[in-house]
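**Student:** So that we are looking at the same thing, I have put the structure below in structure tokens.
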Amino acid sequence: MLKLLIITVIVVYLLRFFWHLMYPRLPDPPKPVEMKACEYCGILAREDKGVMQRDRFFCTSDHAKRFFL
Ligand SMILES: [Zn+2]
């Protein structure tokens with residue numbers, strides 16, 4: 001009886017092991033990055049790559065400077 005239990009535990013353990021090998025956890029999908037239009041030139045730029053100044057969005061700091069000149 002004890003043998004059967006041990007074999008069952010081993011089989012379950014092996015099945016789980018192979019299951020993880022065949023279906024590895026997928027990495028979290030990357031967050032969608034919001035695209036915003038530059039107030040100066042109108043080009044769409046990634047929000048994290050752009051510059052935020054006085055509640056306005058710009059694709060580069062150069063455009064932010066030019067906009068407020
Ligand atoms: Zn721009």
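All residue names refer to the structure tokens as shown: chains lettered A, B, ... in order, residues numbered from 1 in each chain, ligands numbered from 1 in order.
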Applying 12 Å and only C-alpha atoms, which residues near Phe68 (chain A) remain after dropping the ones on its own chain fewer than 6 positions away? List them as a PDB file with C-alpha atoms, in the first residue's frame.

**Tutor:**
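Final output, saved to selection_31.pdb:
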```pdb
ATOM      1  CA  GLU A  39       2.053  70.261 -29.422  1.00  0.00           C
ATOM      2  CA  TYR A  40       4.726  71.799 -31.613  1.00  0.00           C
ATOM      3  CA  GLN A  53       5.969  70.957 -19.811  1.00  0.00           C
ATOM      4  CA  ARG A  54       3.227  73.163 -18.394  1.00  0.00           C
ATOM      5  CA  ARG A  56       1.625  70.174 -22.671  1.00  0.00           C
ATOM      6  CA  PHE A  58       6.305  67.562 -26.743  1.00  0.00           C
ATOM      7  CA  SER A  61      12.744  69.172 -25.160  1.00  0.00           C
ATOM      8  CA  ASP A  62      13.810  71.252 -28.158  1.00  0.00           C
TER       9      ASP A  62
END
```

**Student:** Using only C-alpha atoms and all ligand atoms, which residues of the polymer chains come no farther than 7 Å from ligand 1? I'd like the answer as a ChimeraX atom specification.

**Tutor:** /A:38-43,58-60,63

**Student:** For those residues, write N, CA and C atoms to a file as a JSON list (two decimals), in the first residue's frame.

**Tutor:**
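Resulting contents of part.json:
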```json
[["chain", "number", "residue", "atom", "x", "y", "z"],
["A", 38, "CYS", "N", 2.75, 65.68, -30.36],
["A", 38, "CYS", "CA", 3.56, 66.81, -29.93],
["A", 38, "CYS", "C", 2.80, 68.10, -30.21],
["A", 39, "GLU", "N", 2.79, 69.01, -29.25],
["A", 39, "GLU", "CA", 2.05, 70.26, -29.42],
["A", 39, "GLU", "C", 2.71, 71.17, -30.46],
["A", 40, "TYR", "N", 3.99, 70.93, -30.69],
["A", 40, "TYR", "CA", 4.73, 71.80, -31.61],
["A", 40, "TYR", "C", 4.63, 71.31, -33.06],
["A", 41, "CYS", "N", 4.98, 70.03, -33.29],
["A", 41, "CYS", "CA", 5.02, 69.54, -34.66],
["A", 41, "CYS", "C", 3.90, 68.55, -34.97],
["A", 42, "GLY", "N", 3.18, 68.07, -33.98],
["A", 42, "GLY", "CA", 2.05, 67.19, -34.23],
["A", 42, "GLY", "C", 2.41, 65.73, -34.43],
["A", 43, "ILE", "N", 3.69, 65.41, -34.33],
["A", 43, "ILE", "CA", 4.12, 64.02, -34.50],
["A", 43, "ILE", "C", 3.74, 63.22, -33.26],
["A", 58, "PHE", "N", 5.41, 67.31, -25.61],
["A", 58, "PHE", "CA", 6.30, 67.56, -26.74],
["A", 58, "PHE", "C", 7.15, 66.33, -27.01],
["A", 59, "CYS", "N", 7.51, 66.14, -28.30],
["A", 59, "CYS", "CA", 8.30, 64.96, -28.65],
["A", 59, "CYS", "C", 9.73, 65.11, -28.17],
["A", 60, "THR", "N", 10.24, 66.32, -28.14],
["A", 60, "THR", "CA", 11.61, 66.56, -27.65],
["A", 60, "THR", "C", 11.60, 67.82, -26.80],
["A", 63, "HIS", "N", 11.50, 71.01, -28.91],
["A", 63, "HIS", "CA", 10.19, 71.51, -29.31],
["A", 63, "HIS", "C", 9.48, 72.21, -28.17]]
```

**Student:** With distances taken over only C-alpha atoms, which of A:Leu5, A:Phe67, A:Tyr23, A:Gly50 is nearest to Met35 (chain A)?

**Tutor:**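 Checking each of A:Leu5, A:Phe67, A:Tyr23, A:Gly50 against Met35 (chain A), counting only C-alpha atoms, the winner is A:Gly50.
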
**Student:** Within 7 Å of region 26-33 of chain A, counting only C-alpha atoms, which residues show up once you throw out same-chain ones fewer than 2 positions away? Write them as a VMD selection string, please.

**Tutor:** chain A and resid 24 35 46 to 47

**Student:** Would you save the residues from that selection as a PDB file, in the first residue's frame, using N, CA and C atoms?

**Tutor:**
```
ATOM      1  N   PRO A  24       5.756  26.653 -20.098  1.00  0.00           N
ATOM      2  CA  PRO A  24       6.374  27.599 -19.155  1.00  0.00           C
ATOM      3  C   PRO A  24       5.512  28.852 -19.019  1.00  0.00           C
ATOM      4  N   MET A  35       0.473  56.876 -26.905  1.00  0.00           N
ATOM      5  CA  MET A  35       1.079  57.771 -27.882  1.00  0.00           C
ATOM      6  C   MET A  35       0.391  59.126 -27.764  1.00  0.00           C
ATOM      7  N   ARG A  46       5.944  58.457 -28.146  1.00  0.00           N
ATOM      8  CA  ARG A  46       5.644  57.698 -26.937  1.00  0.00           C
ATOM      9  C   ARG A  46       5.624  58.643 -25.739  1.00  0.00           C
ATOM     10  N   GLU A  47       4.642  58.418 -24.881  1.00  0.00           N
ATOM     11  CA  GLU A  47       4.488  59.330 -23.753  1.00  0.00           C
ATOM     12  C   GLU A  47       5.708  59.300 -22.836  1.00  0.00           C
TER      13      GLU A  47
END
```

**Student:** Which of these, A:Lys49, A:His20, A:Arg66, A:Lys3, has the shortest distance to Glu34 (chain A) once you count only C-alpha atoms?

**Tutor:**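 So, comparing all the options, the nearest one is A:Lys49.
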
**Student:** Chain A: which residues are helix (DSSP H, G or I) by DSSP, as a compact mmCIF listing (two decimals) with C-alpha atoms, in the first residue's frame?

**Tutor:**
```
# COMPACT_ATOMS: atom_id res chain seq x y z
CA LEU A 2 2.80 2.37 0.90
CA LYS A 3 4.57 1.56 -2.36
CA LEU A 4 1.50 2.61 -4.33
CA LEU A 5 1.35 5.92 -2.48
CA ILE A 6 5.01 6.63 -3.12
CA ILE A 7 4.66 5.78 -6.82
CA THR A 8 1.59 8.02 -7.10
CA VAL A 9 3.44 10.93 -5.49
CA ILE A 10 6.42 10.45 -7.83
CA VAL A 11 4.18 10.23 -10.90
CA VAL A 12 2.27 13.37 -9.92
CA TYR A 13 5.55 15.17 -9.27
CA LEU A 14 6.93 14.12 -12.66
CA LEU A 15 3.73 15.12 -14.44
CA ARG A 16 3.89 18.56 -12.88
CA PHE A 17 7.54 18.85 -13.83
CA PHE A 18 6.86 17.99 -17.47
CA TRP A 19 3.79 20.22 -17.52
CA HIS A 20 5.95 23.18 -16.53
CA LEU A 21 8.53 22.23 -19.14
CA MET A 22 5.92 22.13 -21.88
CA SER A 61 12.74 69.17 -25.16
CA ASP A 62 13.81 71.25 -28.16
CA HIS A 63 10.19 71.51 -29.31
CA ALA A 64 9.09 72.39 -25.81
CA LYS A 65 11.59 75.26 -25.78
CA ARG A 66 10.53 76.49 -29.21
CA PHE A 67 6.84 76.30 -28.32
```

**Student:** Among region 10-57 of chain A, which residues carry a DSSP assignment of strand (DSSP E or B), reported as a list in words?

**Tutor:**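 Selecting the strand (DSSP E or B) positions of region 10-57 of chain A gives Met35, Lys36, Ala37, Leu44, Ala45, Arg46, Val51, Met52, Gln53, Arg56 and Phe57 of chain A.
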
**Student:** Write out, as a tab-separated table (two decimals), in the first residue's frame, the residues just selected, with N, CA and C atoms.

**Tutor:**
```
chain	number	residue	atom	x	y	z
A	35	MET	N	0.47	56.88	-26.91
A	35	MET	CA	1.08	57.77	-27.88
A	35	MET	C	0.39	59.13	-27.76
A	36	LYS	N	1.21	60.17	-27.80
A	36	LYS	CA	0.65	61.52	-27.72
A	36	LYS	C	1.21	62.36	-28.85
A	37	ALA	N	0.42	63.32	-29.25
A	37	ALA	CA	0.86	64.21	-30.32
A	37	ALA	C	1.64	65.37	-29.72
A	44	LEU	N	3.30	61.99	-33.50
A	44	LEU	CA	2.96	61.12	-32.38
A	44	LEU	C	4.24	60.56	-31.77
A	45	ALA	N	4.37	60.68	-30.47
A	45	ALA	CA	5.55	60.18	-29.78
A	45	ALA	C	5.10	59.40	-28.56
A	46	ARG	N	5.94	58.46	-28.15
A	46	ARG	CA	5.64	57.70	-26.94
A	46	ARG	C	5.62	58.64	-25.74
A	51	VAL	N	8.44	64.87	-23.62
A	51	VAL	CA	8.68	65.84	-22.55
A	51	VAL	C	7.35	66.49	-22.19
A	52	MET	N	7.10	66.59	-20.89
A	52	MET	CA	5.87	67.22	-20.42
A	52	MET	C	6.25	68.57	-19.82
A	53	GLN	N	5.70	69.64	-20.37
A	53	GLN	CA	5.97	70.96	-19.81
A	53	GLN	C	4.70	71.77	-19.77
A	56	ARG	N	1.63	70.41	-21.23
A	56	ARG	CA	1.62	70.17	-22.67
A	56	ARG	C	2.68	69.13	-22.99
A	57	PHE	N	2.41	68.36	-24.05
A	57	PHE	CA	3.32	67.27	-24.40
A	57	PHE	C	4.12	67.63	-25.64
```
